[in-house]
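J.: Below is the structure I would like to discuss, written out as structure tokens.
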Amino acid sequence: MNAPQKPVLEVRIAAPRGFCAGVDRAIRIVELAIEKYGAPVYVRHEIVHNKFVVDTLKGKGAIFVEELDQVPDGVPVVFSAHGVPKAVPAKAIERGLEYLDATCPLVSKVHRQAERLVAAGRHILFIGHVGHPEVIGTFGQVPEGAMTLIETPADAEAVSVADPGNLAFLTQTTLSVDDTAATLAVLKRRFPAILAPGPNDICYATTNRQGAVKAIASGVDLMLVIGGMNSSNSLRLVEVAERQGTTAYLIPRAGDMDWEWLAGVGTLGISAGASAPELLVRELIDRLSERYDVIEREVETIEENVVFKLPRGLEAA
């Protein structure tokens, strides 16, 4: 007797998706540190916001802590891709700890911009999310009071500054492109002399992944984004899809998908945040294939070929 035929599900997979160059580099730094120094290697904060990645590195010998005082003497420590305040490496040096900085080079660029702007006497309006590690790290590069956090266009309307003619702005790298544009429009209207220190600080990977989701979301019945629930860039992908009028869910793993979401769905979009590995995308496709005859179609909007160098001393580890 023939098995009942599975319903057909067209799956449109956004490209680019998943790991960016900064995440690749950060994970490799932890892996190479374990090879070079032996386990355990301590990591301050989650190296990237993805539980699967963190758990995989734990299995290889990484120990994740929130603060430097949880790191014992005499062992190496890695700083996460999100960046840390200047006080953290200073404290590591004071304690004689060997440290490796896995801060994404694009975040480090924002740190240097902040230092230069403050040294030039400008006050910075920083667009970002309160409490995010990247925001904490960037604020920790400059003296207290040198930056003001702006989260929304409403904040931009309400902010009061002492010297409107001597302002600059910077942004968190993982923001919504559209939201940031709306906030910047308010700041530029209110403060025409505000200085843009260079191109948009929202990183290429965040921009590209949002563009890829925007390209497919309006043409599918449902959008699934694979990523950590605390991942800023993954949450923004869900928002991008929803703004196209499409129902979207963020799921850490395939097992977190609810089959009821697929009721009446003939076309499904899939993407993955910049800290989600490709194998989690394949895991989701495999799960869908249990109940559907899956037809895959990758929709590429731009090709990525960015690679970041490893810290000196680890290249040949």
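Following the order of the structure tokens, first chain is A, next is B, and so on, with residues numbered from 1 inside each chain and ligands from 1 in the order they appear.
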Output as a CSV table (one decimal) with N, CA and C atoms, in the first residue's frame all residues of range 153-289 of chain A that backbone DSSP marks as strand (DSSP E or B).
T.:
chain,number,residue,atom,x,y,z
A,167,LEU,N,27.4,68.6,17.7
A,167,LEU,CA,26.9,67.3,17.9
A,167,LEU,C,27.4,66.3,16.8
A,168,ALA,N,27.4,65.0,17.1
A,168,ALA,CA,27.7,64.0,16.1
A,168,ALA,C,26.8,62.8,16.5
A,169,PHE,N,26.6,61.9,15.6
A,169,PHE,CA,25.8,60.7,15.9
A,169,PHE,C,26.6,59.4,15.5
A,170,LEU,N,26.3,58.4,16.3
A,170,LEU,CA,26.8,57.0,15.9
A,170,LEU,C,25.7,56.1,16.2
A,171,THR,N,25.8,54.8,15.7
A,171,THR,CA,24.7,53.9,15.9
A,171,THR,C,25.3,52.5,16.2
A,195,LEU,N,27.0,66.0,13.0
A,195,LEU,CA,28.0,65.4,12.1
A,195,LEU,C,27.8,63.9,12.0
A,222,LEU,N,4.4,32.8,5.3
A,222,LEU,CA,4.9,32.8,6.6
A,222,LEU,C,6.4,32.9,6.6
A,223,MET,N,7.0,33.6,7.5
A,223,MET,CA,8.5,33.8,7.6
A,223,MET,C,9.0,33.2,8.9
A,224,LEU,N,10.0,32.4,8.9
A,224,LEU,CA,10.7,31.9,10.0
A,224,LEU,C,12.1,32.4,10.0
A,225,VAL,N,12.5,33.0,11.2
A,225,VAL,CA,13.9,33.4,11.3
A,225,VAL,C,14.5,32.6,12.4
A,226,ILE,N,15.7,32.0,12.1
A,226,ILE,CA,16.4,31.2,13.1
A,226,ILE,C,17.4,32.1,13.8
A,247,THR,N,3.3,37.3,8.6
A,247,THR,CA,3.5,36.7,9.9
A,247,THR,C,4.9,36.2,10.0
A,248,ALA,N,5.6,36.4,11.1
A,248,ALA,CA,6.9,36.0,11.2
A,248,ALA,C,7.2,35.5,12.6
A,249,TYR,N,8.0,34.5,12.8
A,249,TYR,CA,8.4,34.0,14.1
A,249,TYR,C,9.9,33.9,14.2
A,250,LEU,N,10.5,34.1,15.4
A,250,LEU,CA,11.9,33.9,15.7
A,250,LEU,C,12.0,32.6,16.4
A,251,ILE,N,12.8,31.6,15.9
A,251,ILE,CA,12.9,30.3,16.6
A,251,ILE,C,14.4,30.0,16.7
A,267,THR,N,3.7,28.6,0.9
A,267,THR,CA,5.1,29.2,0.6
A,267,THR,C,5.6,29.8,1.9
A,268,LEU,N,6.8,29.3,2.3
A,268,LEU,CA,7.5,29.6,3.5
A,268,LEU,C,8.8,30.3,3.3
A,269,GLY,N,9.0,31.4,4.0
A,269,GLY,CA,10.3,32.1,3.9
A,269,GLY,C,11.2,31.7,5.1
A,270,ILE,N,12.5,31.5,4.9
A,270,ILE,CA,13.4,31.2,6.0
A,270,ILE,C,14.6,32.1,5.9
A,271,SER,N,15.0,32.6,7.0
A,271,SER,CA,16.3,33.3,7.1
A,271,SER,C,16.9,32.9,8.4
A,272,ALA,N,18.2,33.4,8.7
A,272,ALA,CA,18.9,33.2,9.9
A,272,ALA,C,19.7,34.4,10.3
J.: If you count only C-alpha atoms, which residues fall within 9 Å of Glu239 in chain A, apart from same-chain ones fewer than 5 positions away, as a PyMOL selection string?
T.: chain A and resi 176+234+244+248
J.: Taking only C-alpha atoms into account, name the residue in A:Asn208, A:Thr138, A:Val130, A:Tyr42 that is nearest to Val65 in chain A.
T.: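 Using only C-alpha atoms, the shortest distance to Val65 in chain A belongs to A:Tyr42.
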J.: Running DSSP on the backbone, which parts of range 20-260 of chain A land in alpha helix (DSSP H), as a PyMOL selection string?
T.: chain A and resi 21-37+51-60+87-95+105-119+133-139+153-158+177-190+204-217+232-243
J.: Do you know which residues are at most 8 Å from Tyr37 in chain A counting only C-alpha atoms, after dropping those on the same chain fewer than 4 positions away, and could you put them as a count of residues only?
T.: 3
J.: Would you tabulate, counting only C-alpha atoms, all residues of range 185-280 of chain A that have an atom at most 12 Å from an atom of range 301-317 of chain A, showing the closest pair of atoms and their distance in Å to one decimal, sorted by chain then ascending number, as a Markdown table?
T.:
| residue | atom | partner | partner_atom | distance |
| --- | --- | --- | --- | --- |
| A:Cys203 | CA | A:Val306 | CA | 11.4 |
| A:Tyr204 | CA | A:Glu304 | CA | 8.9 |
| A:Ala205 | CA | A:Glu304 | CA | 8.3 |
| A:Thr206 | CA | A:Glu304 | CA | 11.8 |
| A:Thr207 | CA | A:Ile302 | CA | 10.5 |
| A:Asn208 | CA | A:Ile302 | CA | 7.1 |
| A:Arg209 | CA | A:Thr301 | CA | 9.0 |
| A:Gln210 | CA | A:Thr301 | CA | 10.3 |
| A:Gly211 | CA | A:Thr301 | CA | 7.3 |
| A:Ala212 | CA | A:Thr301 | CA | 5.7 |
| A:Val213 | CA | A:Thr301 | CA | 9.3 |
| A:Lys214 | CA | A:Thr301 | CA | 9.9 |
| A:Ala215 | CA | A:Thr301 | CA | 7.6 |
| A:Ile216 | CA | A:Thr301 | CA | 9.7 |
J.: Within 6 Å of Gly273 in chain A, counting only C-alpha atoms, which residues show up once you throw out same-chain ones fewer than 2 positions away? Write them as JSON, numbers by chain, please.
T.: {"A": [18, 227, 234, 275, 276]}
J.: Would you list the contacts of range 124-127 of chain A as a PyMOL selection string, taking every protein, DNA or RNA residue within 9 Å and counting only C-alpha atoms, but skipping same-chain residues closer than 6 positions in sequence?
T.: chain A and resi 114+117-118+135+139+146-152+156+166-172+175+180+183-184+187
J.: I'd like the neighbourhood of Ile295 in chain A as a VMD selection string, where a residue qualifies if any of its atoms comes within 7 Å (using only C-alpha atoms), though same-chain residues fewer than 4 positions away should be ignored.
T.: chain A and resid 9 to 11
J.: I need the chosen residues saved as a PDB file, in the first residue's frame, with C-alpha atoms.
T.:
ATOM      1  CA  LEU A   9       5.710  23.316   0.557  1.00  0.00           C
ATOM      2  CA  GLU A  10       7.749  25.864  -1.367  1.00  0.00           C
ATOM      3  CA  VAL A  11      10.557  27.184   0.833  1.00  0.00           C
TER       4      VAL A  11
END
J.: I need the residue nearest Tyr292 in chain A from this list: A:Lys6, A:Lys86, A:Arg25, A:Arg253. Use only C-alpha atoms for the distance.
T.: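 That would be A:Lys6, the residue with the smallest distance to Tyr292 in chain A.
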J.: Can you work out which one of A:Arg122, A:His82, A:Arg44, A:Lys109 has the shortest atom-to-atom distance to Asn200 in chain A, counting only C-alpha atoms?
T.: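 Going through A:Arg122, A:His82, A:Arg44, A:Lys109 one by one, the smallest distance to Asn200 in chain A is for A:Lys109.
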J.: Just the number, please: distance in Å from CA of Ala14 in chain A to CA of Arg297 in chain A, one decimal.
T.: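 Between CA of Ala14 in chain A and CA of Arg297 in chain A the gap is 8.8 Å.
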